[in-house]
file structure24.pdb (PDB, C-alpha atoms and all ligand atoms)
ATOM      1  CA  LEU A 212     -11.486  58.077   0.133
ATOM      2  CA  MET A 213      -8.799  56.222  -1.843
ATOM      3  CA  GLU A 214     -11.495  55.096  -4.306
ATOM      4  CA  THR A 215     -11.213  58.526  -5.937
ATOM      5  CA  MET A 216      -7.608  57.689  -6.877
ATOM      6  CA  LYS A 217      -8.637  54.810  -9.117
ATOM      7  CA  GLY A 218      -8.282  55.607 -12.795
ATOM      8  CA  GLN A 219      -6.085  58.633 -12.005
ATOM      9  CA  GLU A 220      -2.610  59.094 -13.456
ATOM     10  CA  ASP A 221       0.500  58.739 -11.334
ATOM     11  CA  VAL A 222       1.774  62.231 -12.041
ATOM     12  CA  THR A 223       3.019  65.119  -9.901
ATOM     13  CA  LEU A 224       1.487  68.600  -9.962
ATOM     14  CA  ASP A 225       4.308  69.698 -12.280
ATOM     15  CA  GLY A 226       3.838  66.821 -14.698
ATOM     16  CA  ARG A 227       6.466  64.247 -13.657
ATOM     17  CA  HIS A 228       5.200  60.726 -14.279
ATOM     18  CA  MET A 229       5.960  57.825 -11.973
ATOM     19  CA  MET A 230       5.174  54.215 -12.825
ATOM     20  CA  VAL A 231       3.378  52.743  -9.829
ATOM     21  CA  TYR A 232       3.584  48.964 -10.031
ATOM     22  CA  CYS A 233       2.952  46.065  -7.656
ATOM     23  CA  ASN A 234       4.942  43.314  -5.977
ATOM     24  CA  ILE A 235       3.279  39.904  -6.022
ATOM     25  CA  GLY A 236       4.211  36.445  -4.783
ATOM     26  CA  SER A 237       1.727  34.248  -6.628
ATOM     27  CA  PRO A 238      -0.835  34.388  -9.469
ATOM     28  CA  GLU A 239      -3.649  34.792  -6.932
ATOM     29  CA  ASP A 240      -2.299  38.233  -6.025
ATOM     30  CA  VAL A 241      -3.235  39.624  -9.458
ATOM     31  CA  ALA A 242      -6.784  40.247  -8.250
ATOM     32  CA  ALA A 243      -5.458  42.703  -5.650
ATOM     33  CA  VAL A 244      -3.284  44.409  -8.277
ATOM     34  CA  LYS A 245      -6.358  44.977 -10.422
ATOM     35  CA  SER A 246      -8.663  46.087  -7.622
ATOM     36  CA  ASN A 247      -6.037  48.601  -6.484
ATOM     37  CA  ASP A 248      -5.419  49.815 -10.039
ATOM     38  CA  GLY A 249      -1.712  48.940 -10.187
ATOM     39  CA  GLN A 250      -0.243  50.024 -13.539
ATOM     40  CA  GLY A 251       1.870  46.904 -13.859
ATOM     41  CA  ILE A 252       3.770  44.313 -11.861
ATOM     42  CA  GLY A 253       7.276  45.406 -10.932
ATOM     43  CA  LEU A 254       8.246  42.256  -9.052
ATOM     44  CA  PHE A 255       6.669  38.845  -9.416
ATOM     45  CA  ARG A 256       8.664  36.651  -7.040
ATOM     46  CA  SER A 257       8.832  33.205  -8.671
ATOM     47  CA  GLU A 258       9.911  31.408  -5.488
ATOM     48  CA  PHE A 259       6.369  30.256  -4.663
ATOM     49  CA  LEU A 260       6.647  27.681  -7.473
ATOM     50  CA  TYR A 261       9.720  26.144  -5.905
ATOM     51  CA  LEU A 262       8.691  26.491  -2.254
ATOM     52  CA  ALA A 263       5.263  24.897  -2.653
ATOM     53  CA  THR A 264       6.511  21.589  -4.053
ATOM     54  CA  SER A 265       8.740  18.677  -3.079
ATOM     55  CA  ASP A 266      10.472  18.543  -6.461
ATOM     56  CA  TYR A 267      11.545  20.926  -9.223
ATOM     57  CA  PRO A 268       8.542  22.617 -10.843
ATOM     58  CA  THR A 269       8.230  21.583 -14.488
ATOM     59  CA  GLU A 270       8.406  23.921 -17.466
ATOM     60  CA  GLU A 271       4.647  23.464 -17.987
ATOM     61  CA  GLU A 272       3.789  24.350 -14.382
ATOM     62  CA  GLN A 273       5.913  27.459 -14.561
ATOM     63  CA  PHE A 274       4.666  28.431 -18.010
ATOM     64  CA  LYS A 275       1.061  28.268 -16.826
ATOM     65  CA  ALA A 276       1.728  30.489 -13.792
ATOM     66  CA  TYR A 277       3.627  33.131 -15.783
ATOM     67  CA  LYS A 278       1.204  33.052 -18.692
ATOM     68  CA  ASP A 279      -1.833  33.440 -16.420
ATOM     69  CA  VAL A 280      -0.350  36.560 -14.819
ATOM     70  CA  ALA A 281       0.847  38.034 -18.130
ATOM     71  CA  ALA A 282      -2.536  37.476 -19.770
ATOM     72  CA  ALA A 283      -4.504  38.799 -16.776
ATOM     73  CA  MET A 284      -2.482  42.027 -16.840
ATOM     74  CA  ASP A 285      -3.670  42.695 -20.358
ATOM     75  CA  GLY A 286      -0.570  44.144 -21.989
ATOM     76  CA  LYS A 287       0.673  45.935 -18.867
ATOM     77  CA  ARG A 288       4.271  45.192 -17.937
ATOM     78  CA  VAL A 289       4.868  42.138 -15.725
ATOM     79  CA  VAL A 290       8.413  41.879 -14.373
ATOM     80  CA  ILE A 291       9.080  38.289 -13.380
ATOM     81  CA  ARG A 292      12.147  37.620 -11.265
ATOM     82  CA  THR A 293      14.061  34.400 -11.771
ATOM     83  CA  LEU A 294      14.579  32.075  -8.861
ATOM     84  CA  ASP A 295      15.841  33.749  -5.681
ATOM     85  CA  ILE A 296      16.255  30.949  -3.161
ATOM     86  CA  GLY A 297      19.087  30.351  -0.726
ATOM     87  CA  ALA A 298      19.638  32.650   2.232
ATOM     88  CA  ASP A 299      16.230  33.017   3.913
ATOM     89  CA  LYS A 300      14.404  30.699   1.481
ATOM     90  CA  GLN A 301      15.640  27.109   1.654
ATOM     91  CA  VAL A 302      14.312  24.343  -0.604
ATOM     92  CA  ASP A 303      15.251  20.778   0.404
ATOM     93  CA  TYR A 304      15.297  19.152  -3.040
ATOM     94  CA  PHE A 305      17.999  21.567  -4.212
ATOM     95  CA  GLU A 306      20.298  19.746  -1.777
ATOM     96  CA  MET A 307      22.359  22.830  -1.124
ATOM     97  CA  GLN A 308      25.412  22.573   1.044
ATOM     98  CA  LYS A 309      24.981  23.985   4.504
ATOM     99  CA  GLU A 310      26.528  27.445   4.688
ATOM    100  CA  GLU A 311      27.859  29.454   7.576
ATOM    101  CA  ASN A 312      26.554  32.713   6.050
ATOM    102  CA  PRO A 313      23.706  31.918   3.637
ATOM    103  CA  ALA A 314      23.128  35.598   2.790
ATOM    104  CA  LEU A 315      26.691  35.647   1.448
ATOM    105  CA  GLY A 316      26.470  32.206  -0.077
ATOM    106  CA  VAL A 317      25.218  30.394  -3.123
ATOM    107  CA  ARG A 318      21.837  32.048  -3.585
ATOM    108  CA  ALA A 319      19.659  33.425  -6.361
ATOM    109  CA  ILE A 320      21.461  33.947  -9.679
ATOM    110  CA  ARG A 321      24.492  32.063  -8.350
ATOM    111  CA  ILE A 322      22.383  28.889  -8.115
ATOM    112  CA  CYS A 323      21.016  29.435 -11.628
ATOM    113  CA  LEU A 324      24.458  29.984 -13.151
ATOM    114  CA  ASN A 325      25.751  26.875 -11.341
ATOM    115  CA  ARG A 326      22.787  24.763 -12.501
ATOM    116  CA  PRO A 327      22.128  25.568 -16.172
ATOM    117  CA  GLU A 328      19.308  23.011 -16.491
ATOM    118  CA  VAL A 329      17.280  24.592 -13.671
ATOM    119  CA  PHE A 330      17.855  28.020 -15.228
ATOM    120  CA  ARG A 331      17.001  26.836 -18.734
ATOM    121  CA  THR A 332      13.668  25.359 -17.633
ATOM    122  CA  GLN A 333      12.623  28.637 -16.025
ATOM    123  CA  LEU A 334      13.795  30.746 -18.961
ATOM    124  CA  ARG A 335      11.886  28.545 -21.426
ATOM    125  CA  ALA A 336       8.729  28.981 -19.362
ATOM    126  CA  LEU A 337       9.286  32.754 -19.175
ATOM    127  CA  TYR A 338       9.885  33.200 -22.904
ATOM    128  CA  ARG A 339       6.903  31.022 -23.774
ATOM    129  CA  ALA A 340       4.743  33.182 -21.477
ATOM    130  CA  SER A 341       6.007  36.321 -23.233
ATOM    131  CA  ALA A 342       3.712  35.513 -26.162
ATOM    132  CA  TYR A 343       0.680  36.201 -23.921
ATOM    133  CA  GLY A 344       1.470  39.611 -22.445
ATOM    134  CA  LYS A 345       4.230  42.119 -21.701
ATOM    135  CA  VAL A 346       6.654  39.950 -19.765
ATOM    136  CA  ALA A 347      10.006  41.300 -18.574
ATOM    137  CA  ILE A 348      12.667  39.050 -17.070
ATOM    138  CA  MET A 349      14.669  40.157 -14.038
ATOM    139  CA  PHE A 350      17.771  38.597 -12.497
ATOM    140  CA  PRO A 351      18.428  38.909  -8.724
ATOM    141  CA  MET A 352      21.658  39.336  -6.709
ATOM    142  CA  ILE A 353      23.806  40.521  -9.588
ATOM    143  CA  THR A 354      27.313  41.670  -8.665
ATOM    144  CA  SER A 355      29.225  41.543 -11.978
ATOM    145  CA  VAL A 356      29.011  42.268 -15.684
ATOM    146  CA  TRP A 357      30.056  38.695 -16.546
ATOM    147  CA  GLU A 358      27.040  37.332 -14.666
ATOM    148  CA  VAL A 359      24.696  39.460 -16.746
ATOM    149  CA  ARG A 360      26.406  38.376 -19.942
ATOM    150  CA  GLU A 361      26.010  34.730 -18.921
ATOM    151  CA  CYS A 362      22.325  35.338 -18.188
ATOM    152  CA  LYS A 363      21.891  36.924 -21.599
ATOM    153  CA  ARG A 364      23.688  34.021 -23.278
ATOM    154  CA  ALA A 365      21.308  31.618 -21.526
ATOM    155  CA  CYS A 366      18.377  33.703 -22.856
ATOM    156  CA  GLN A 367      19.787  33.644 -26.394
ATOM    157  CA  LYS A 368      20.146  29.874 -26.233
ATOM    158  CA  VAL A 369      16.561  29.434 -25.082
ATOM    159  CA  MET A 370      15.274  31.755 -27.822
ATOM    160  CA  ALA A 371      17.186  29.756 -30.443
ATOM    161  CA  GLU A 372      15.629  26.557 -29.094
ATOM    162  CA  LEU A 373      12.127  28.017 -29.256
ATOM    163  CA  ASP A 374      12.793  29.261 -32.789
ATOM    164  CA  ALA A 375      13.860  25.762 -33.827
ATOM    165  CA  GLU A 376      10.744  24.272 -32.230
ATOM    166  CA  GLY A 377       8.435  26.851 -33.779
ATOM    167  CA  ILE A 378       7.178  27.985 -30.348
ATOM    168  CA  PRO A 379       6.028  31.628 -30.202
ATOM    169  CA  TYR A 380       7.633  34.208 -27.875
ATOM    170  CA  ARG A 381       8.492  37.897 -27.922
ATOM    171  CA  LYS A 382      12.023  38.547 -29.154
ATOM    172  CA  ASP A 383      11.998  42.035 -27.627
ATOM    173  CA  THR A 384      11.230  40.754 -24.119
ATOM    174  CA  GLU A 385      12.913  43.206 -21.748
ATOM    175  CA  ILE A 386      15.759  41.965 -19.565
ATOM    176  CA  GLY A 387      16.600  43.697 -16.318
ATOM    177  CA  ILE A 388      18.577  43.198 -13.158
ATOM    178  CA  MET A 389      18.107  43.868  -9.498
ATOM    179  CA  ILE A 390      20.444  46.369  -7.932
ATOM    180  CA  GLU A 391      20.754  44.964  -4.431
ATOM    181  CA  THR A 392      24.467  44.525  -3.829
ATOM    182  CA  PRO A 393      26.991  47.337  -3.310
ATOM    183  CA  ALA A 394      29.083  45.833  -6.130
ATOM    184  CA  SER A 395      26.244  46.321  -8.607
ATOM    185  CA  VAL A 396      26.068  49.993  -7.624
ATOM    186  CA  PHE A 397      29.795  50.499  -8.147
ATOM    187  CA  VAL A 398      29.690  48.957 -11.641
ATOM    188  CA  ALA A 399      26.216  50.275 -12.477
ATOM    189  CA  GLU A 400      27.385  52.232 -15.552
ATOM    190  CA  GLU A 401      28.677  49.091 -17.235
ATOM    191  CA  LEU A 402      25.691  47.022 -16.086
ATOM    192  CA  ALA A 403      23.283  49.616 -17.481
ATOM    193  CA  ARG A 404      24.717  49.136 -20.961
ATOM    194  CA  GLU A 405      23.831  45.438 -20.811
ATOM    195  CA  VAL A 406      20.147  45.595 -19.828
ATOM    196  CA  ASP A 407      16.795  47.317 -20.375
ATOM    197  CA  PHE A 408      16.075  48.319 -16.772
ATOM    198  CA  PHE A 409      17.229  48.302 -13.151
ATOM    199  CA  SER A 410      15.117  47.564 -10.107
ATOM    200  CA  VAL A 411      16.560  48.289  -6.696
ATOM    201  CA  GLY A 412      16.004  45.707  -3.967
ATOM    202  CA  THR A 413      16.329  47.967  -0.970
ATOM    203  CA  ASN A 414      15.857  45.132   1.527
ATOM    204  CA  ASP A 415      19.055  43.416   0.432
ATOM    205  CA  LEU A 416      20.811  46.637  -0.573
ATOM    206  CA  THR A 417      20.358  47.913   2.982
ATOM    207  CA  GLN A 418      21.540  44.604   4.417
ATOM    208  CA  TYR A 419      24.719  44.467   2.329
ATOM    209  CA  THR A 420      25.524  48.186   2.398
ATOM    210  CA  LEU A 421      25.195  48.519   6.168
ATOM    211  CA  ALA A 422      26.454  45.006   6.989
ATOM    212  CA  CYS A 423      23.205  44.412   8.880
ATOM    213  CA  ASP A 424      21.373  41.078   8.691
ATOM    214  CA  ARG A 425      17.858  41.865   7.393
ATOM    215  CA  GLN A 426      16.492  38.931   9.392
ATOM    216  CA  ALA A 427      18.017  39.876  12.730
ATOM    217  CA  ASN A 428      15.563  41.505  15.102
ATOM    218  CA  ASP A 429      18.015  43.087  17.498
ATOM    219  CA  LEU A 430      19.802  45.520  15.197
ATOM    220  CA  GLY A 431      17.304  48.281  15.882
ATOM    221  CA  LYS A 432      18.530  51.675  14.735
ATOM    222  CA  PHE A 433      21.604  50.161  13.076
ATOM    223  CA  PHE A 434      19.393  48.693  10.338
ATOM    224  CA  ASP A 435      18.444  51.994   8.733
ATOM    225  CA  PRO A 436      17.221  52.013   5.115
ATOM    226  CA  HIS A 437      17.194  55.844   5.321
ATOM    227  CA  HIS A 438      20.973  55.848   5.856
ATOM    228  CA  PRO A 439      22.583  58.361   3.447
ATOM    229  CA  ALA A 440      24.788  55.529   2.150
ATOM    230  CA  VAL A 441      21.700  53.636   0.953
ATOM    231  CA  LEU A 442      20.123  56.754  -0.547
ATOM    232  CA  ARG A 443      23.378  57.726  -2.264
ATOM    233  CA  ALA A 444      23.598  54.206  -3.699
ATOM    234  CA  LEU A 445      20.119  54.769  -5.136
ATOM    235  CA  LYS A 446      21.272  58.002  -6.724
ATOM    236  CA  MET A 447      24.415  56.443  -8.186
ATOM    237  CA  ALA A 448      22.391  53.636  -9.740
ATOM    238  CA  THR A 449      19.829  56.115 -11.075
ATOM    239  CA  ASP A 450      22.457  58.358 -12.663
ATOM    240  CA  ALA A 451      24.055  55.298 -14.291
ATOM    241  CA  ALA A 452      20.697  54.048 -15.574
ATOM    242  CA  HIS A 453      19.732  57.396 -17.057
ATOM    243  CA  LYS A 454      23.155  57.884 -18.610
ATOM    244  CA  ALA A 455      22.529  54.638 -20.505
ATOM    245  CA  GLY A 456      18.949  55.618 -21.313
ATOM    246  CA  ILE A 457      17.228  52.901 -19.272
ATOM    247  CA  TRP A 458      14.593  53.155 -16.537
ATOM    248  CA  ILE A 459      15.083  52.400 -12.862
ATOM    249  CA  GLY A 460      12.613  51.411 -10.167
ATOM    250  CA  ILE A 461      12.532  50.360  -6.556
ATOM    251  CA  CYS A 462      10.916  47.051  -5.637
ATOM    252  CA  GLY A 463      12.134  46.769  -2.058
ATOM    253  CA  GLU A 464       9.929  47.811   0.845
ATOM    254  CA  LEU A 465      11.406  51.297   0.868
ATOM    255  CA  GLY A 466       9.471  52.132  -2.303
ATOM    256  CA  ALA A 467       6.261  52.444  -0.294
ATOM    257  CA  ASP A 468       7.826  54.737   2.315
ATOM    258  CA  LEU A 469       5.933  57.984   1.716
ATOM    259  CA  SER A 470       8.430  59.956   3.824
ATOM    260  CA  LEU A 471      11.005  59.285   1.070
ATOM    261  CA  LEU A 472       8.822  60.062  -1.944
ATOM    262  CA  GLU A 473      10.304  63.540  -2.368
ATOM    263  CA  THR A 474      13.804  62.059  -2.177
ATOM    264  CA  PHE A 475      12.912  59.504  -4.850
ATOM    265  CA  LEU A 476      11.542  62.283  -7.064
ATOM    266  CA  ALA A 477      14.703  64.343  -6.537
ATOM    267  CA  ILE A 478      16.880  61.330  -7.377
ATOM    268  CA  GLY A 479      14.833  60.696 -10.499
ATOM    269  CA  ILE A 480      13.438  57.213  -9.786
ATOM    270  CA  ASP A 481      11.077  56.211 -12.618
ATOM    271  CA  GLU A 482       9.104  53.407 -11.004
ATOM    272  CA  LEU A 483       7.966  52.325  -7.555
ATOM    273  CA  SER A 484       6.785  48.750  -7.104
ATOM    274  CA  VAL A 485       4.838  48.295  -3.886
ATOM    275  CA  SER A 486       2.329  45.935  -2.321
ATOM    276  CA  PRO A 487      -1.116  46.320  -3.935
ATOM    277  CA  SER A 488      -2.578  47.971  -0.820
ATOM    278  CA  SER A 489       0.043  50.743  -1.058
ATOM    279  CA  VAL A 490      -0.763  51.785  -4.647
ATOM    280  CA  LEU A 491      -3.582  54.243  -4.007
ATOM    281  CA  PRO A 492      -2.033  55.971  -0.951
ATOM    282  CA  LEU A 493       1.178  56.376  -2.980
ATOM    283  CA  ARG A 494      -0.760  57.770  -5.940
ATOM    284  CA  ALA A 495      -2.479  60.304  -3.687
ATOM    285  CA  GLU A 496       0.914  61.473  -2.405
ATOM    286  CA  ILE A 497       2.473  61.658  -5.891
ATOM    287  CA  ARG A 498      -0.417  63.771  -7.133
ATOM    288  CA  LYS A 499       0.200  66.282  -4.308
ATOM    289  CA  SER A 500       3.956  66.517  -4.987
ATOM    290  CA  ILE A 501       5.984  69.012  -6.987
ATOM    291  CA  ALA A 502       9.007  67.204  -8.442
ATOM    292  CA  LYS A 503      11.061  70.288  -9.284
ATOM    293  CA  THR A 504      11.122  71.508  -5.677
ATOM    294  CA  CYS A 505      12.219  68.148  -4.235
ATOM    295  CA  THR A 506      15.729  68.105  -2.793
ATOM    296  CA  LEU A 507      18.504  65.636  -2.067
ATOM    297  CA  GLU A 508      18.874  66.812   1.543
ATOM    298  CA  LYS A 509      18.343  63.295   2.923
ATOM    299  CA  LEU A 510      21.512  62.177   1.131
ATOM    300  CA  GLU A 511      23.544  64.384   3.441
ATOM    301  CA  CYS A 512      24.984  63.110   6.722
TER     302      CYS A 512
HETATM  303  C1  LIG B 601      14.858  43.270  -1.950
HETATM  304  O1  LIG B 601      15.898  42.677  -1.636
HETATM  305  O2  LIG B 601      14.603  44.444  -1.618
HETATM  306  C2  LIG B 601      13.833  42.583  -2.772
HETATM  307  C3  LIG B 601      12.844  43.241  -3.341
HETATM  308  O3  LIG B 601      13.924  41.240  -2.910
HETATM  309  P1  LIG B 601      13.605  40.193  -1.725
HETATM  310  O4  LIG B 601      12.973  40.961  -0.597
HETATM  311  O5  LIG B 601      12.711  39.164  -2.328
HETATM  312  O6  LIG B 601      14.967  39.690  -1.399
HETATM  313 MG    MG B 602      16.443  40.786  -2.542
END
call {"tool": "encode", "arguments": {"input": "structure24.pdb", "output": "structure tokens", "more": "lines below"}}
Ligand code: PEP
Ligand code: MG
result
Amino acid sequence: LMETMKGQEDVTLDGRHMMVYCNIGSPEDVAAVKSNDGQGIGLFRSEFLYLATSDYPTEEEQFKAYKDVAAAMDGKRVVIRTLDIGADKQVDYFEMQKEENPALGVRAIRICLNRPEVFRTQLRALYRASAYGKVAIMFPMITSVWEVRECKRACQKVMAELDAEGIPYRKDTEIGIMIETPASVFVAEELAREVDFFSVGTNDLTQYTLACDRQANDLGKFFDPHHPAVLRALKMATDAAHKAGIWIGICGELGADLSLLETFLAIGIDELSVSPSSVLPLRAEIRKSIAKTCTLEKLEC
């Protein structure tokens, strides 16, 4: 039945387009993106490179992985997220200090900003891969404008290096950030002026907004991604993005929740990045929807 959705546009009955992209965790997942007709990759988690080895992955190893995915996607956008370890994903050779609350500790972009050499190696690999497809770079766990500026400075430095070495890359490679902390929502207007796109990580955004550990199994109804606070955060981030003229997507699990599609359309979300198997069911639902009649009722308490 879903076969009939292949090759169809992701557009509502009244002509609103949605970008339906995929989340992947390794280059092998590209096959599923293609067979399910994903229009791009909205989240390529780069952790697999660091988790699979007993030492830091080299620039060459990373370059090959990013390049293979970028090339296989044939000019379609591939959003690659920089390292997001710490918290639930521990890597021994990083020799991180033991933390009482890893989810609130030195994770993701905090590690990269603390360890410029680790960050530089990944950014070099990413920029080099940008010559082979439409790569976009995304930074996780952002809370502040200064962090984004430091990330951009690190990108500028790497581009200058590549220029000096005569290595090709795309200067207009898009830079985006994940919106997955309450702080990033509150300063979203300023953040939006710094970057090309936002992507909301609803798994972490739910965790930090509701003060509910995403890995705890006993929170039951208290861990509620449909909570109006989470949905209002989505709307605030979307309004800020659009005010600055940039696009915003969702790459957390909530993006595939068909019961919220009308809410996402009402909020004005531009992109949903979901697991490859969710692409065609989502497309079918989008094509049955009428954006202009969608309401924000789920944002009410
Ligand atoms: C999220 O937090 O929603 C997200 C997409 O990132 P991860 O699940 O990898 O933390
Ligand atoms: Mg996250």
call {"tool": "resolve_selection", "arguments": {"input": "structure24.pdb", "expression": "the PyMOL selection byres (((chain A and resi 451) around 10) and not hetatm)", "output": "PyMOL selection string"}}
result
chain A and resi 396-404+409+445-450+452-459
call {"tool": "resolve_selection", "arguments": {"input": "structure24.pdb", "expression": "the PyMOL selection byres (((not hetatm)) within 6 of (chain B and resi 601))", "output": "ChimeraX atom specification"}}
result
/A:412-415,462-463
call {"tool": "residues_near_ligand", "arguments": {"input": "structure24.pdb", "ligand": "ligand MG 602 (chain B)", "cutoff": "12 Å", "atoms": "all atoms listed in the file", "output": "ChimeraX atom specification"}}
result
/A:254,256,258,292-300,314,318-320,349-353,388-392,410-419,425,461-464
call {"tool": "write_last_selection", "arguments": {"input": "structure24.pdb", "atoms": "C-alpha atoms", "output": "PDB file, keeping the file's coordinate frame"}}
result
ATOM      1  CA  LEU A 254       8.246  42.256  -9.052  1.00  0.00           C
ATOM      2  CA  ARG A 256       8.664  36.651  -7.040  1.00  0.00           C
ATOM      3  CA  GLU A 258       9.911  31.408  -5.488  1.00  0.00           C
ATOM      4  CA  ARG A 292      12.147  37.620 -11.265  1.00  0.00           C
ATOM      5  CA  THR A 293      14.061  34.400 -11.771  1.00  0.00           C
ATOM      6  CA  LEU A 294      14.579  32.075  -8.861  1.00  0.00           C
ATOM      7  CA  ASP A 295      15.841  33.749  -5.681  1.00  0.00           C
ATOM      8  CA  ILE A 296      16.255  30.949  -3.161  1.00  0.00           C
ATOM      9  CA  GLY A 297      19.087  30.351  -0.726  1.00  0.00           C
ATOM     10  CA  ALA A 298      19.638  32.650   2.232  1.00  0.00           C
ATOM     11  CA  ASP A 299      16.230  33.017   3.913  1.00  0.00           C
ATOM     12  CA  LYS A 300      14.404  30.699   1.481  1.00  0.00           C
ATOM     13  CA  ALA A 314      23.128  35.598   2.790  1.00  0.00           C
ATOM     14  CA  ARG A 318      21.837  32.048  -3.585  1.00  0.00           C
ATOM     15  CA  ALA A 319      19.659  33.425  -6.361  1.00  0.00           C
ATOM     16  CA  ILE A 320      21.461  33.947  -9.679  1.00  0.00           C
ATOM     17  CA  MET A 349      14.669  40.157 -14.038  1.00  0.00           C
ATOM     18  CA  PHE A 350      17.771  38.597 -12.497  1.00  0.00           C
ATOM     19  CA  PRO A 351      18.428  38.909  -8.724  1.00  0.00           C
ATOM     20  CA  MET A 352      21.658  39.336  -6.709  1.00  0.00           C
ATOM     21  CA  ILE A 353      23.806  40.521  -9.588  1.00  0.00           C
ATOM     22  CA  ILE A 388      18.577  43.198 -13.158  1.00  0.00           C
ATOM     23  CA  MET A 389      18.107  43.868  -9.498  1.00  0.00           C
ATOM     24  CA  ILE A 390      20.444  46.369  -7.932  1.00  0.00           C
ATOM     25  CA  GLU A 391      20.754  44.964  -4.431  1.00  0.00           C
ATOM     26  CA  THR A 392      24.467  44.525  -3.829  1.00  0.00           C
ATOM     27  CA  SER A 410      15.117  47.564 -10.107  1.00  0.00           C
ATOM     28  CA  VAL A 411      16.560  48.289  -6.696  1.00  0.00           C
ATOM     29  CA  GLY A 412      16.004  45.707  -3.967  1.00  0.00           C
ATOM     30  CA  THR A 413      16.329  47.967  -0.970  1.00  0.00           C
ATOM     31  CA  ASN A 414      15.857  45.132   1.527  1.00  0.00           C
ATOM     32  CA  ASP A 415      19.055  43.416   0.432  1.00  0.00           C
ATOM     33  CA  LEU A 416      20.811  46.637  -0.573  1.00  0.00           C
ATOM     34  CA  THR A 417      20.358  47.913   2.982  1.00  0.00           C
ATOM     35  CA  GLN A 418      21.540  44.604   4.417  1.00  0.00           C
ATOM     36  CA  TYR A 419      24.719  44.467   2.329  1.00  0.00           C
ATOM     37  CA  ARG A 425      17.858  41.865   7.393  1.00  0.00           C
ATOM     38  CA  ILE A 461      12.532  50.360  -6.556  1.00  0.00           C
ATOM     39  CA  CYS A 462      10.916  47.051  -5.637  1.00  0.00           C
ATOM     40  CA  GLY A 463      12.134  46.769  -2.058  1.00  0.00           C
ATOM     41  CA  GLU A 464       9.929  47.811   0.845  1.00  0.00           C
TER      42      GLU A 464
END
call {"tool": "atom_distance", "arguments": {"input": "structure24.pdb", "atom1": "CA of Ile501 in chain A", "atom2": "CA of Gly479 in chain A"}}
result
12.6 Å
call {"tool": "resolve_selection", "arguments": {"input": "structure24.pdb", "expression": "the PyMOL selection byres (((chain A and resi 498) around 7) and not hetatm)", "output": "list in words"}}
result
Asp221, Val222, Thr223, Leu224, Arg494, Ala495, Glu496, Ile497, Lys499 and Ser500 of chain A
call {"tool": "closest_residue", "arguments": {"input": "structure24.pdb", "among": "A:Gly218, A:Gly466, A:Pro313, A:Gly460", "to": "Pro436 in chain A", "atoms": "only C-alpha atoms"}}
result
A:Gly466
call {"tool": "decode", "arguments": {"input": "structure24.pdb", "residues": "range 467-476 of chain A", "atoms": "N, CA, C and O atoms", "output": "PDB file, in the first residue's frame"}}
result
ATOM      1  N   ALA A 467       7.776  11.728  14.236  1.00  0.00           N
ATOM      2  CA  ALA A 467       7.058  10.649  13.552  1.00  0.00           C
ATOM      3  C   ALA A 467       5.692  10.371  14.181  1.00  0.00           C
ATOM      4  O   ALA A 467       4.984   9.456  13.759  1.00  0.00           O
ATOM      5  N   ASP A 468       5.334  11.165  15.182  1.00  0.00           N
ATOM      6  CA  ASP A 468       4.063  10.953  15.887  1.00  0.00           C
ATOM      7  C   ASP A 468       2.920  11.552  15.052  1.00  0.00           C
ATOM      8  O   ASP A 468       2.689  12.762  15.060  1.00  0.00           O
ATOM      9  N   LEU A 469       2.199  10.691  14.354  1.00  0.00           N
ATOM     10  CA  LEU A 469       1.179  11.165  13.412  1.00  0.00           C
ATOM     11  C   LEU A 469       0.046  11.908  14.127  1.00  0.00           C
ATOM     12  O   LEU A 469      -0.616  12.750  13.520  1.00  0.00           O
ATOM     13  N   SER A 470      -0.145  11.620  15.417  1.00  0.00           N
ATOM     14  CA  SER A 470      -1.225  12.315  16.144  1.00  0.00           C
ATOM     15  C   SER A 470      -0.883  13.796  16.362  1.00  0.00           C
ATOM     16  O   SER A 470      -1.737  14.581  16.765  1.00  0.00           O
ATOM     17  N   LEU A 471       0.385  14.172  16.118  1.00  0.00           N
ATOM     18  CA  LEU A 471       0.777  15.578  16.276  1.00  0.00           C
ATOM     19  C   LEU A 471       1.005  16.282  14.946  1.00  0.00           C
ATOM     20  O   LEU A 471       1.352  17.470  14.918  1.00  0.00           O
ATOM     21  N   LEU A 472       0.794  15.574  13.833  1.00  0.00           N
ATOM     22  CA  LEU A 472       1.096  16.194  12.538  1.00  0.00           C
ATOM     23  C   LEU A 472       0.330  17.503  12.331  1.00  0.00           C
ATOM     24  O   LEU A 472       0.890  18.503  11.883  1.00  0.00           O
ATOM     25  N   GLU A 473      -0.945  17.508  12.699  1.00  0.00           N
ATOM     26  CA  GLU A 473      -1.730  18.741  12.517  1.00  0.00           C
ATOM     27  C   GLU A 473      -1.178  19.872  13.384  1.00  0.00           C
ATOM     28  O   GLU A 473      -1.182  21.040  12.968  1.00  0.00           O
ATOM     29  N   THR A 474      -0.717  19.524  14.578  1.00  0.00           N
ATOM     30  CA  THR A 474      -0.116  20.538  15.458  1.00  0.00           C
ATOM     31  C   THR A 474       1.164  21.086  14.825  1.00  0.00           C
ATOM     32  O   THR A 474       1.398  22.302  14.829  1.00  0.00           O
ATOM     33  N   PHE A 475       1.970  20.196  14.273  1.00  0.00           N
ATOM     34  CA  PHE A 475       3.209  20.651  13.615  1.00  0.00           C
ATOM     35  C   PHE A 475       2.891  21.568  12.427  1.00  0.00           C
ATOM     36  O   PHE A 475       3.578  22.558  12.196  1.00  0.00           O
ATOM     37  N   LEU A 476       1.862  21.220  11.682  1.00  0.00           N
ATOM     38  CA  LEU A 476       1.468  22.059  10.536  1.00  0.00           C
ATOM     39  C   LEU A 476       0.972  23.427  11.028  1.00  0.00           C
ATOM     40  O   LEU A 476       1.290  24.456  10.440  1.00  0.00           O
TER      41      LEU A 476
END
